[in-house]
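Asks: You'll find input-v8.cif just under this line, and it carries mmCIF, C-alpha atoms.
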data_upload
loop_
_atom_site.group_PDB
_atom_site.id
_atom_site.type_symbol
_atom_site.label_atom_id
_atom_site.label_comp_id
_atom_site.auth_asym_id
_atom_site.auth_seq_id
_atom_site.Cartn_x
_atom_site.Cartn_y
_atom_site.Cartn_z
ATOM 1 C CA MET E 167 -40.108 -122.401 -107.835
ATOM 2 C CA ALA E 168 -39.469 -121.986 -111.550
ATOM 3 C CA ALA E 169 -39.775 -118.557 -113.131
ATOM 4 C CA ILE E 170 -42.717 -118.074 -115.463
ATOM 5 C CA PRO E 171 -41.579 -116.842 -118.874
ATOM 6 C CA ILE E 172 -43.284 -113.662 -120.038
ATOM 7 C CA THR E 173 -44.747 -114.059 -123.486
ATOM 8 C CA ALA E 174 -45.659 -111.457 -126.088
ATOM 9 C CA ALA E 175 -49.316 -112.376 -125.568
ATOM 10 C CA MET E 176 -49.034 -111.560 -121.849
ATOM 11 C CA VAL E 177 -47.422 -108.188 -122.595
ATOM 12 C CA ASN E 178 -50.043 -107.369 -125.220
ATOM 13 C CA ALA E 179 -52.858 -108.310 -122.828
ATOM 14 C CA ALA E 180 -51.439 -106.089 -120.077
ATOM 15 C CA LEU E 181 -50.896 -103.184 -122.459
ATOM 16 C CA GLY E 182 -54.337 -103.677 -123.967
ATOM 17 C CA ALA E 183 -55.997 -103.642 -120.560
ATOM 18 C CA THR E 184 -54.197 -100.453 -119.560
ATOM 19 C CA ALA E 185 -54.664 -98.733 -122.918
ATOM 20 C CA ALA E 186 -58.356 -99.579 -122.961
ATOM 21 C CA GLN E 187 -59.058 -97.748 -119.728
ATOM 22 C CA PRO E 188 -60.707 -94.388 -120.282
ATOM 23 C CA MET E 189 -59.347 -91.315 -118.591
ATOM 24 C CA PRO E 190 -61.165 -91.318 -115.240
ATOM 25 C CA ASP E 191 -63.264 -88.329 -114.259
ATOM 26 C CA GLY E 192 -61.335 -86.130 -111.872
ATOM 27 C CA ALA E 193 -58.058 -87.633 -113.074
ATOM 28 C CA LEU E 194 -54.962 -85.917 -111.779
ATOM 29 C CA THR E 195 -53.432 -83.542 -114.282
ATOM 30 C CA PHE E 196 -49.704 -83.136 -114.579
ATOM 31 C CA ASP E 197 -47.720 -80.667 -116.651
ATOM 32 C CA VAL E 198 -44.134 -80.777 -117.849
ATOM 33 C CA GLY E 199 -41.887 -79.435 -115.077
ATOM 34 C CA ASP E 200 -44.226 -80.367 -112.207
ATOM 35 C CA LEU E 201 -42.544 -81.831 -109.137
ATOM 36 C CA VAL E 202 -44.326 -85.033 -108.181
ATOM 37 C CA VAL E 203 -44.042 -87.812 -105.614
ATOM 38 C CA TYR E 204 -44.048 -91.441 -106.681
ATOM 39 C CA PRO E 205 -44.353 -93.392 -103.407
ATOM 40 C CA ALA E 206 -41.713 -96.036 -104.085
ATOM 41 C CA HIS E 207 -39.094 -93.617 -105.446
ATOM 42 C CA GLY E 208 -39.685 -90.216 -103.874
ATOM 43 C CA VAL E 209 -39.621 -86.836 -105.634
ATOM 44 C CA GLY E 210 -39.291 -86.594 -109.399
ATOM 45 C CA ARG E 211 -39.958 -84.120 -112.174
ATOM 46 C CA VAL E 212 -42.454 -84.595 -115.012
ATOM 47 C CA ASP E 213 -40.483 -84.559 -118.263
ATOM 48 C CA ARG E 214 -43.241 -85.385 -120.684
ATOM 49 C CA VAL E 215 -46.965 -86.091 -120.821
ATOM 50 C CA GLY E 216 -48.360 -87.542 -124.001
ATOM 51 C CA VAL E 217 -49.299 -90.499 -126.119
ATOM 52 C CA GLU E 218 -46.671 -93.107 -126.921
ATOM 53 C CA GLU E 219 -46.990 -96.271 -128.911
ATOM 54 C CA LEU E 220 -45.721 -99.428 -127.216
ATOM 55 C CA ALA E 221 -46.078 -102.857 -128.803
ATOM 56 C CA GLY E 222 -48.739 -101.541 -131.159
ATOM 57 C CA HIS E 223 -50.822 -99.934 -128.388
ATOM 58 C CA LYS E 224 -51.183 -96.203 -127.825
ATOM 59 C CA LEU E 225 -50.835 -95.232 -124.185
ATOM 60 C CA HIS E 226 -51.220 -91.823 -122.568
ATOM 61 C CA LEU E 227 -48.110 -91.716 -120.341
ATOM 62 C CA ILE E 228 -46.477 -89.450 -117.802
ATOM 63 C CA GLN E 229 -42.677 -89.624 -117.979
ATOM 64 C CA ILE E 230 -40.949 -88.798 -114.702
ATOM 65 C CA SER E 231 -37.227 -88.458 -114.033
ATOM 66 C CA PHE E 232 -35.702 -88.948 -110.592
ATOM 67 C CA GLN E 233 -32.477 -86.966 -110.414
ATOM 68 C CA GLU E 234 -31.224 -88.501 -107.173
ATOM 69 C CA ASN E 235 -31.030 -92.057 -108.523
ATOM 70 C CA ARG E 236 -30.906 -91.187 -112.253
ATOM 71 C CA MET E 237 -34.010 -93.133 -113.095
ATOM 72 C CA THR E 238 -36.838 -92.521 -115.557
ATOM 73 C CA LEU E 239 -40.324 -93.914 -115.049
ATOM 74 C CA ARG E 240 -43.382 -93.943 -117.304
ATOM 75 C CA VAL E 241 -46.797 -94.155 -115.665
ATOM 76 C CA PRO E 242 -50.067 -94.503 -117.611
ATOM 77 C CA VAL E 243 -52.245 -91.462 -116.888
ATOM 78 C CA ALA E 244 -55.195 -93.770 -116.189
ATOM 79 C CA GLN E 245 -53.141 -95.484 -113.466
ATOM 80 C CA ALA E 246 -51.608 -92.380 -111.870
ATOM 81 C CA ARG E 247 -53.989 -92.282 -108.905
ATOM 82 C CA VAL E 248 -53.764 -96.056 -108.318
ATOM 83 C CA THR E 249 -49.956 -95.930 -108.179
ATOM 84 C CA GLY E 250 -50.086 -93.075 -105.662
ATOM 85 C CA LEU E 251 -48.507 -90.512 -107.990
ATOM 86 C CA ARG E 252 -49.274 -87.013 -106.731
ATOM 87 C CA LYS E 253 -47.971 -83.466 -106.777
ATOM 88 C CA ILE E 254 -45.667 -82.468 -103.921
ATOM 89 C CA GLY E 255 -47.253 -81.224 -100.732
ATOM 90 C CA THR E 256 -48.204 -77.604 -100.156
ATOM 91 C CA ALA E 257 -46.630 -75.236 -97.626
ATOM 92 C CA GLU E 258 -49.584 -75.938 -95.319
ATOM 93 C CA ALA E 259 -48.948 -79.685 -95.617
ATOM 94 C CA MET E 260 -45.286 -79.129 -94.676
ATOM 95 C CA ASP E 261 -46.365 -77.146 -91.598
ATOM 96 C CA GLU E 262 -48.557 -80.101 -90.637
ATOM 97 C CA VAL E 263 -45.561 -82.437 -91.113
ATOM 98 C CA LEU E 264 -43.519 -80.353 -88.645
ATOM 99 C CA THR E 265 -46.425 -80.416 -86.169
ATOM 100 C CA ILE E 266 -46.705 -84.216 -86.456
ATOM 101 C CA LEU E 267 -42.950 -84.667 -86.006
ATOM 102 C CA GLY E 268 -43.028 -82.499 -82.883
ATOM 103 C CA GLY E 269 -45.793 -84.599 -81.366
ATOM 104 C CA ARG E 270 -45.576 -87.523 -79.021
ATOM 105 C CA SER E 271 -44.699 -90.831 -80.655
ATOM 106 C CA ARG E 272 -47.241 -93.620 -80.533
ATOM 107 C CA THR E 273 -46.195 -97.179 -79.979
ATOM 108 C CA SER E 274 -48.050 -100.379 -80.553
ATOM 109 C CA ARG E 275 -47.871 -103.612 -78.597
ATOM 110 C CA MET E 276 -47.844 -105.592 -81.837
ATOM 111 C CA ILE E 277 -44.801 -107.751 -82.505
ATOM 112 C CA TRP E 278 -42.047 -105.920 -84.377
ATOM 113 C CA ALA E 279 -42.320 -108.001 -87.573
ATOM 114 C CA LYS E 280 -45.954 -106.969 -88.018
ATOM 115 C CA ARG E 281 -45.299 -103.346 -87.030
ATOM 116 C CA GLY E 282 -42.330 -103.202 -89.405
ATOM 117 C CA GLN E 283 -44.534 -104.355 -92.285
ATOM 118 C CA GLU E 284 -47.138 -101.724 -91.425
ATOM 119 C CA TYR E 285 -44.512 -98.990 -91.231
ATOM 120 C CA LEU E 286 -43.060 -99.969 -94.610
ATOM 121 C CA ALA E 287 -46.541 -100.012 -96.173
ATOM 122 C CA LYS E 288 -47.172 -96.507 -94.816
ATOM 123 C CA ILE E 289 -43.798 -95.261 -96.111
ATOM 124 C CA ASN E 290 -44.646 -96.608 -99.573
ATOM 125 C CA SER E 291 -48.276 -95.403 -99.470
ATOM 126 C CA GLY E 292 -47.437 -91.940 -100.732
ATOM 127 C CA ASP E 293 -49.527 -90.372 -97.960
ATOM 128 C CA LEU E 294 -47.520 -87.477 -96.502
ATOM 129 C CA LYS E 295 -49.271 -87.534 -93.122
ATOM 130 C CA GLN E 296 -48.699 -91.295 -92.683
ATOM 131 C CA LEU E 297 -45.048 -90.870 -93.656
ATOM 132 C CA ALA E 298 -44.565 -88.146 -91.034
ATOM 133 C CA GLU E 299 -46.272 -90.305 -88.394
ATOM 134 C CA VAL E 300 -43.963 -93.246 -89.185
ATOM 135 C CA VAL E 301 -40.872 -91.046 -88.892
ATOM 136 C CA ARG E 302 -42.147 -89.654 -85.582
ATOM 137 C CA ASP E 303 -42.979 -93.101 -84.201
ATOM 138 C CA LEU E 304 -39.688 -94.671 -85.284
ATOM 139 C CA ARG E 305 -37.420 -91.986 -83.928
ATOM 140 C CA GLY E 306 -35.081 -93.402 -81.358
ATOM 141 C CA SER E 307 -33.220 -91.551 -78.717
ATOM 142 C CA GLY E 308 -30.748 -88.984 -79.993
ATOM 143 C CA ASP E 309 -27.798 -91.361 -79.657
ATOM 144 C CA GLY E 310 -29.515 -94.276 -81.423
ATOM 145 C CA ALA E 311 -29.831 -96.327 -78.241
ATOM 146 C CA GLY E 312 -32.836 -98.560 -77.864
ATOM 147 C CA THR E 313 -33.500 -99.037 -81.558
ATOM 148 C CA SER E 314 -32.990 -102.166 -83.594
ATOM 149 C CA TYR E 315 -31.163 -102.335 -86.902
ATOM 150 C CA SER E 316 -34.411 -102.806 -88.850
ATOM 151 C CA GLN E 317 -36.076 -99.939 -86.979
ATOM 152 C CA ARG E 318 -33.159 -97.615 -87.808
ATOM 153 C CA ASN E 319 -33.313 -98.686 -91.471
ATOM 154 C CA LEU E 320 -37.039 -97.934 -91.688
ATOM 155 C CA PHE E 321 -36.521 -94.613 -89.907
ATOM 156 C CA GLU E 322 -33.739 -93.648 -92.339
ATOM 157 C CA LEU E 323 -35.841 -94.654 -95.354
ATOM 158 C CA GLY E 324 -38.817 -92.673 -94.069
ATOM 159 C CA ILE E 325 -36.922 -89.520 -93.137
ATOM 160 C CA ASP E 326 -34.998 -89.615 -96.432
ATOM 161 C CA ARG E 327 -38.284 -89.677 -98.405
ATOM 162 C CA LEU E 328 -39.759 -86.988 -96.173
ATOM 163 C CA ALA E 329 -36.676 -84.751 -96.489
ATOM 164 C CA GLY E 330 -36.759 -85.049 -100.283
ATOM 165 C CA GLU E 331 -40.340 -83.826 -100.453
ATOM 166 C CA PHE E 332 -39.918 -81.242 -97.689
ATOM 167 C CA GLY E 333 -36.901 -79.770 -99.486
ATOM 168 C CA ALA E 334 -38.686 -79.665 -102.847
ATOM 169 C CA ALA E 335 -41.804 -78.085 -101.338
ATOM 170 C CA THR E 336 -39.941 -75.424 -99.351
ATOM 171 C CA GLY E 337 -37.207 -74.693 -101.903
ATOM 172 C CA ILE E 338 -34.278 -75.770 -99.730
ATOM 173 C CA ASP E 339 -31.734 -78.497 -100.405
ATOM 174 C CA LYS E 340 -32.218 -81.977 -99.004
ATOM 175 C CA ALA E 341 -29.524 -81.654 -96.310
ATOM 176 C CA ALA E 342 -31.136 -78.475 -94.941
ATOM 177 C CA ALA E 343 -34.562 -80.144 -95.103
ATOM 178 C CA MET E 344 -33.200 -83.140 -93.194
ATOM 179 C CA GLN E 345 -31.856 -80.830 -90.483
ATOM 180 C CA ARG E 346 -35.227 -79.044 -90.148
ATOM 181 C CA LEU E 347 -36.978 -82.404 -89.751
ATOM 182 C CA LEU E 348 -34.443 -83.629 -87.172
ATOM 183 C CA ASP E 349 -34.843 -80.345 -85.268
ATOM 184 C CA ALA E 350 -38.633 -80.823 -85.230
ATOM 185 C CA LEU E 351 -38.222 -84.396 -83.948
ATOM 186 C CA GLN E 352 -35.952 -83.286 -81.128
ATOM 187 C CA ALA E 353 -37.941 -80.178 -80.132
ATOM 188 C CA THR E 354 -40.339 -82.022 -77.817
ATOM 189 C CA ARG E 355 -37.446 -83.645 -75.980
ATOM 190 C CA GLY E 356 -35.572 -80.400 -75.457
ATOM 191 C CA GLU E 357 -32.532 -81.959 -77.141
ATOM 192 C CA LYS E 358 -30.332 -80.476 -79.815
ATOM 193 C CA ALA E 359 -30.700 -82.459 -83.055
ATOM 194 C CA PRO E 360 -27.575 -84.124 -84.414
ATOM 195 C CA ALA E 361 -26.238 -82.574 -87.605
ATOM 196 C CA ALA E 362 -27.585 -84.233 -90.740
ATOM 197 C CA ALA E 363 -25.056 -86.253 -92.714
ATOM 198 C CA ALA E 364 -23.976 -84.546 -95.917
#
Show me, as structure tokens, the structure contained in the file I just sent.
Replies:
Amino acid sequence: MAAIPITAAMVNAALGATAAQPMPDGALTFDVGDLVVYPAHGVGRVDRVGVEELAGHKLHLIQISFQENRMTLRVPVAQARVTGLRKIGTAEAMDEVLTILGGRSRTSRMIWAKRGQEYLAKINSGDLKQLAEVVRDLRGSGDGAGTSYSQRNLFELGIDRLAGEFGAATGIDKAAAMQRLLDALQATRGEKAPAAAA
């Protein structure tokens, strides 16, 4: 399948459509310095909120930097909710995460390919509760037995995202957050959690 070249007209149409959207009522407000979660990239910090001109169009943008992977992202304010951008969870939300992780995992009889797609969609949804449920449901036994390669990869992706937000919300570093999450996962089994990799 041949790639479709992107023309200036296509870019202008996309920018025009985004720029033309009014600020929705009840739009999320972000301030410089806020810690936020962008579902596909994890925790970042708001560097700037303001109007920028791109290709002749003025857009109200939120600029976010992600320290862990040295990336900067600009999100139109009007699209913030649609993209799943949100402030990091509260202390109460983190308590709920620990409760979910300590609960009994739920399995589905669906074939793995379909379940894997659902788990990935939940990881990328930006919903903290769904993310915690995926991590809980994908946990394998303490030694990694009984899990497939793709299941371990999804588990590692999910717990990495969860640890990033948990650490930011509780003021501890990511390694300590990872250990707290692993401890919560192992608590119901009466096992000692393996040490988190540095």
Asks: Check the smallest atom-to-atom distance from each of E:Phe332, E:Phe232, E:Phe321, E:Tyr204 to Arg252 (chain E) using all atoms listed in the file, then report the winner.
Replies: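 So, comparing all the options, the nearest one is E:Tyr204.
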Asks: Apply the PyMOL selection byres ((chain E and resi 272) around 12) to the displayed file and report the matching residues as number ranges by chain.
Replies: E: 266-267, 269-271, 273-275, 281, 299-305
Asks: Which of these residues is nearest to Asp200 (chain E), using only C-alpha atoms: E:Glu284, E:Asp213, E:Glu322, E:Asp349?
Replies: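 Of E:Glu284, E:Asp213, E:Glu322, E:Asp349, the one nearest Asp200 (chain E) is E:Asp213, counting only C-alpha atoms.
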Asks: What is the CA of Asp293 (chain E) to CA of Val198 (chain E) distance in Å?
Replies: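 Atom-to-atom, CA of Asp293 (chain E) and CA of Val198 (chain E) are spaced 22.7 Å apart.
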Asks: Given the point (-41.2, -88.9, -107.5) in the coordinates of this file, which residues lie within 12 Å, counting all atoms listed in the file, and how would they look as a VMD selection string?
Replies: chain E and resid 200 to 213 228 to 241 246 249 to 255 290 292 327 to 328 330 to 331 334
Asks: Go ahead and save the picked residues with C-alpha atoms, as a PDB file, in the frame of the given file.
Replies:
ATOM      1  CA  ASP E 200     -44.226 -80.367-112.207  1.00  0.00           C
ATOM      2  CA  LEU E 201     -42.544 -81.831-109.137  1.00  0.00           C
ATOM      3  CA  VAL E 202     -44.326 -85.033-108.181  1.00  0.00           C
ATOM      4  CA  VAL E 203     -44.042 -87.812-105.614  1.00  0.00           C
ATOM      5  CA  TYR E 204     -44.048 -91.441-106.681  1.00  0.00           C
ATOM      6  CA  PRO E 205     -44.353 -93.392-103.407  1.00  0.00           C
ATOM      7  CA  ALA E 206     -41.713 -96.036-104.085  1.00  0.00           C
ATOM      8  CA  HIS E 207     -39.094 -93.617-105.446  1.00  0.00           C
ATOM      9  CA  GLY E 208     -39.685 -90.216-103.874  1.00  0.00           C
ATOM     10  CA  VAL E 209     -39.621 -86.836-105.634  1.00  0.00           C
ATOM     11  CA  GLY E 210     -39.291 -86.594-109.399  1.00  0.00           C
ATOM     12  CA  ARG E 211     -39.958 -84.120-112.174  1.00  0.00           C
ATOM     13  CA  VAL E 212     -42.454 -84.595-115.012  1.00  0.00           C
ATOM     14  CA  ASP E 213     -40.483 -84.559-118.263  1.00  0.00           C
ATOM     15  CA  ILE E 228     -46.477 -89.450-117.802  1.00  0.00           C
ATOM     16  CA  GLN E 229     -42.677 -89.624-117.979  1.00  0.00           C
ATOM     17  CA  ILE E 230     -40.949 -88.798-114.702  1.00  0.00           C
ATOM     18  CA  SER E 231     -37.227 -88.458-114.033  1.00  0.00           C
ATOM     19  CA  PHE E 232     -35.702 -88.948-110.592  1.00  0.00           C
ATOM     20  CA  GLN E 233     -32.477 -86.966-110.414  1.00  0.00           C
ATOM     21  CA  GLU E 234     -31.224 -88.501-107.173  1.00  0.00           C
ATOM     22  CA  ASN E 235     -31.030 -92.057-108.523  1.00  0.00           C
ATOM     23  CA  ARG E 236     -30.906 -91.187-112.253  1.00  0.00           C
ATOM     24  CA  MET E 237     -34.010 -93.133-113.095  1.00  0.00           C
ATOM     25  CA  THR E 238     -36.838 -92.521-115.557  1.00  0.00           C
ATOM     26  CA  LEU E 239     -40.324 -93.914-115.049  1.00  0.00           C
ATOM     27  CA  ARG E 240     -43.382 -93.943-117.304  1.00  0.00           C
ATOM     28  CA  VAL E 241     -46.797 -94.155-115.665  1.00  0.00           C
ATOM     29  CA  ALA E 246     -51.608 -92.380-111.870  1.00  0.00           C
ATOM     30  CA  THR E 249     -49.956 -95.930-108.179  1.00  0.00           C
ATOM     31  CA  GLY E 250     -50.086 -93.075-105.662  1.00  0.00           C
ATOM     32  CA  LEU E 251     -48.507 -90.512-107.990  1.00  0.00           C
ATOM     33  CA  ARG E 252     -49.274 -87.013-106.731  1.00  0.00           C
ATOM     34  CA  LYS E 253     -47.971 -83.466-106.777  1.00  0.00           C
ATOM     35  CA  ILE E 254     -45.667 -82.468-103.921  1.00  0.00           C
ATOM     36  CA  GLY E 255     -47.253 -81.224-100.732  1.00  0.00           C
ATOM     37  CA  ASN E 290     -44.646 -96.608 -99.573  1.00  0.00           C
ATOM     38  CA  GLY E 292     -47.437 -91.940-100.732  1.00  0.00           C
ATOM     39  CA  ARG E 327     -38.284 -89.677 -98.405  1.00  0.00           C
ATOM     40  CA  LEU E 328     -39.759 -86.988 -96.173  1.00  0.00           C
ATOM     41  CA  GLY E 330     -36.759 -85.049-100.283  1.00  0.00           C
ATOM     42  CA  GLU E 331     -40.340 -83.826-100.453  1.00  0.00           C
ATOM     43  CA  ALA E 334     -38.686 -79.665-102.847  1.00  0.00           C
TER      44      ALA E 334
END
Asks: Quote the spacing between CA of Leu320 (chain E) and CA of Ala279 (chain E) in Å to one decimal place.
Replies: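 Atom-to-atom, CA of Leu320 (chain E) and CA of Ala279 (chain E) are spaced 12.1 Å apart.
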Asks: To one decimal in Å, tell me the separation between CA of Glu219 (chain E) and CA of Val243 (chain E).
Replies: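 These two atoms are separated by 14.0 Å.
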Asks: With 8 Å on each side, where is the centre of the axis-aligned box around all listed atoms of region 265-270 of chain E, and how long are its edges in Å to one decimal, as JSON?
Replies:
{"center_x": -44.8, "center_y": -84.0, "center_z": -82.7, "size_x": 19.8, "size_y": 23.1, "size_z": 23.4}
Asks: Between E:Gln345, E:Thr336, E:Thr256, E:Ser316, which has the minimum distance to Gln283 (chain E) (counting only C-alpha atoms)?
Replies: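 Answer, going by the shortest atom-to-atom distance: E:Ser316.
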Asks: Determine, counting only C-alpha atoms, which protein, DNA and RNA residues have an atom within 9 Å of an atom of Leu227 (chain E); residues of the same chain fewer than 5 positions away are not included. Present the result as a PyMOL selection string.
Replies: chain E and resi 214-218+240-244
Asks: Export, as a short mmCIF file (atom, residue, chain, number, x, y, z; two decimals), in the frame of the given file, the selected residues with C-alpha atoms.
Replies:
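Written output follows (out_26.cif):
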data_model
loop_
_atom_site.label_atom_id
_atom_site.label_comp_id
_atom_site.auth_asym_id
_atom_site.auth_seq_id
_atom_site.Cartn_x
_atom_site.Cartn_y
_atom_site.Cartn_z
CA ARG E 214 -43.24 -85.38 -120.68
CA VAL E 215 -46.96 -86.09 -120.82
CA GLY E 216 -48.36 -87.54 -124.00
CA VAL E 217 -49.30 -90.50 -126.12
CA GLU E 218 -46.67 -93.11 -126.92
CA ARG E 240 -43.38 -93.94 -117.30
CA VAL E 241 -46.80 -94.16 -115.66
CA PRO E 242 -50.07 -94.50 -117.61
CA VAL E 243 -52.24 -91.46 -116.89
CA ALA E 244 -55.20 -93.77 -116.19
#
Asks: Please determine, counting only C-alpha atoms, which residue among E:Leu351, E:Gln245, E:Ala335, E:Gln296 has the shortest atom-to-atom distance to Thr195 (chain E).
Replies: E:Gln245
Asks: Regenerate region 250-277 of chain E at the level of N, CA and C atoms and dump it as a short mmCIF file (atom, residue, chain, number, x, y, z; two decimals), in the coordinates of the input.
Replies:
data_model
loop_
_atom_site.label_atom_id
_atom_site.label_comp_id
_atom_site.auth_asym_id
_atom_site.auth_seq_id
_atom_site.Cartn_x
_atom_site.Cartn_y
_atom_site.Cartn_z
N GLY E 250 -50.40 -94.01 -106.73
CA GLY E 250 -50.09 -93.08 -105.66
C GLY E 250 -49.36 -91.84 -106.14
N LEU E 251 -49.19 -91.69 -107.45
CA LEU E 251 -48.51 -90.51 -107.99
C LEU E 251 -49.30 -89.27 -107.62
N ARG E 252 -48.61 -88.25 -107.12
CA ARG E 252 -49.27 -87.01 -106.73
C ARG E 252 -48.29 -85.86 -106.81
N LYS E 253 -48.82 -84.65 -106.81
CA LYS E 253 -47.97 -83.47 -106.78
C LYS E 253 -47.40 -83.33 -105.36
N ILE E 254 -46.28 -82.61 -105.25
CA ILE E 254 -45.67 -82.47 -103.92
C ILE E 254 -46.60 -81.68 -103.01
N GLY E 255 -46.40 -81.87 -101.72
CA GLY E 255 -47.25 -81.22 -100.73
C GLY E 255 -47.13 -79.71 -100.73
N THR E 256 -48.16 -79.07 -100.25
CA THR E 256 -48.20 -77.60 -100.16
C THR E 256 -47.44 -77.13 -98.92
N ALA E 257 -47.28 -75.81 -98.81
CA ALA E 257 -46.63 -75.24 -97.63
C ALA E 257 -47.42 -75.59 -96.36
N GLU E 258 -48.75 -75.59 -96.47
CA GLU E 258 -49.58 -75.94 -95.32
C GLU E 258 -49.36 -77.39 -94.91
N ALA E 259 -49.21 -78.27 -95.90
CA ALA E 259 -48.95 -79.68 -95.62
C ALA E 259 -47.60 -79.85 -94.93
N MET E 260 -46.61 -79.04 -95.31
CA MET E 260 -45.29 -79.13 -94.68
C MET E 260 -45.34 -78.62 -93.24
N ASP E 261 -46.17 -77.61 -92.98
CA ASP E 261 -46.36 -77.15 -91.60
C ASP E 261 -46.98 -78.26 -90.75
N GLU E 262 -47.93 -78.99 -91.35
CA GLU E 262 -48.56 -80.10 -90.64
C GLU E 262 -47.53 -81.21 -90.36
N VAL E 263 -46.63 -81.44 -91.31
CA VAL E 263 -45.56 -82.44 -91.11
C VAL E 263 -44.73 -82.06 -89.89
N LEU E 264 -44.33 -80.79 -89.79
CA LEU E 264 -43.52 -80.35 -88.64
C LEU E 264 -44.29 -80.51 -87.34
N THR E 265 -45.59 -80.25 -87.37
CA THR E 265 -46.42 -80.42 -86.17
C THR E 265 -46.47 -81.89 -85.76
N ILE E 266 -46.65 -82.77 -86.74
CA ILE E 266 -46.70 -84.22 -86.46
C ILE E 266 -45.37 -84.68 -85.87
N LEU E 267 -44.27 -84.24 -86.48
CA LEU E 267 -42.95 -84.67 -86.01
C LEU E 267 -42.68 -84.19 -84.59
N GLY E 268 -43.22 -83.04 -84.22
CA GLY E 268 -43.03 -82.50 -82.88
C GLY E 268 -43.93 -83.13 -81.84
N GLY E 269 -44.86 -83.96 -82.29
CA GLY E 269 -45.79 -84.60 -81.37
C GLY E 269 -45.20 -85.81 -80.67
N ARG E 270 -45.99 -86.36 -79.79
CA ARG E 270 -45.58 -87.52 -79.02
C ARG E 270 -45.69 -88.78 -79.88
N SER E 271 -44.66 -89.60 -79.85
CA SER E 271 -44.70 -90.83 -80.66
C SER E 271 -45.69 -91.82 -80.06
N ARG E 272 -46.27 -92.61 -80.95
CA ARG E 272 -47.24 -93.62 -80.53
C ARG E 272 -46.64 -94.99 -80.80
N THR E 273 -46.73 -95.83 -79.81
CA THR E 273 -46.20 -97.18 -79.98
C THR E 273 -47.33 -98.18 -79.91
N SER E 274 -47.06 -99.31 -80.52
CA SER E 274 -48.05 -100.38 -80.55
C SER E 274 -47.47 -101.58 -79.82
N ARG E 275 -48.33 -102.41 -79.29
CA ARG E 275 -47.87 -103.61 -78.60
C ARG E 275 -47.73 -104.79 -79.55
N MET E 276 -47.98 -104.54 -80.84
CA MET E 276 -47.84 -105.59 -81.84
C MET E 276 -46.39 -106.04 -81.94
N ILE E 277 -46.18 -107.28 -82.35
CA ILE E 277 -44.80 -107.75 -82.50
C ILE E 277 -44.12 -106.93 -83.60
#
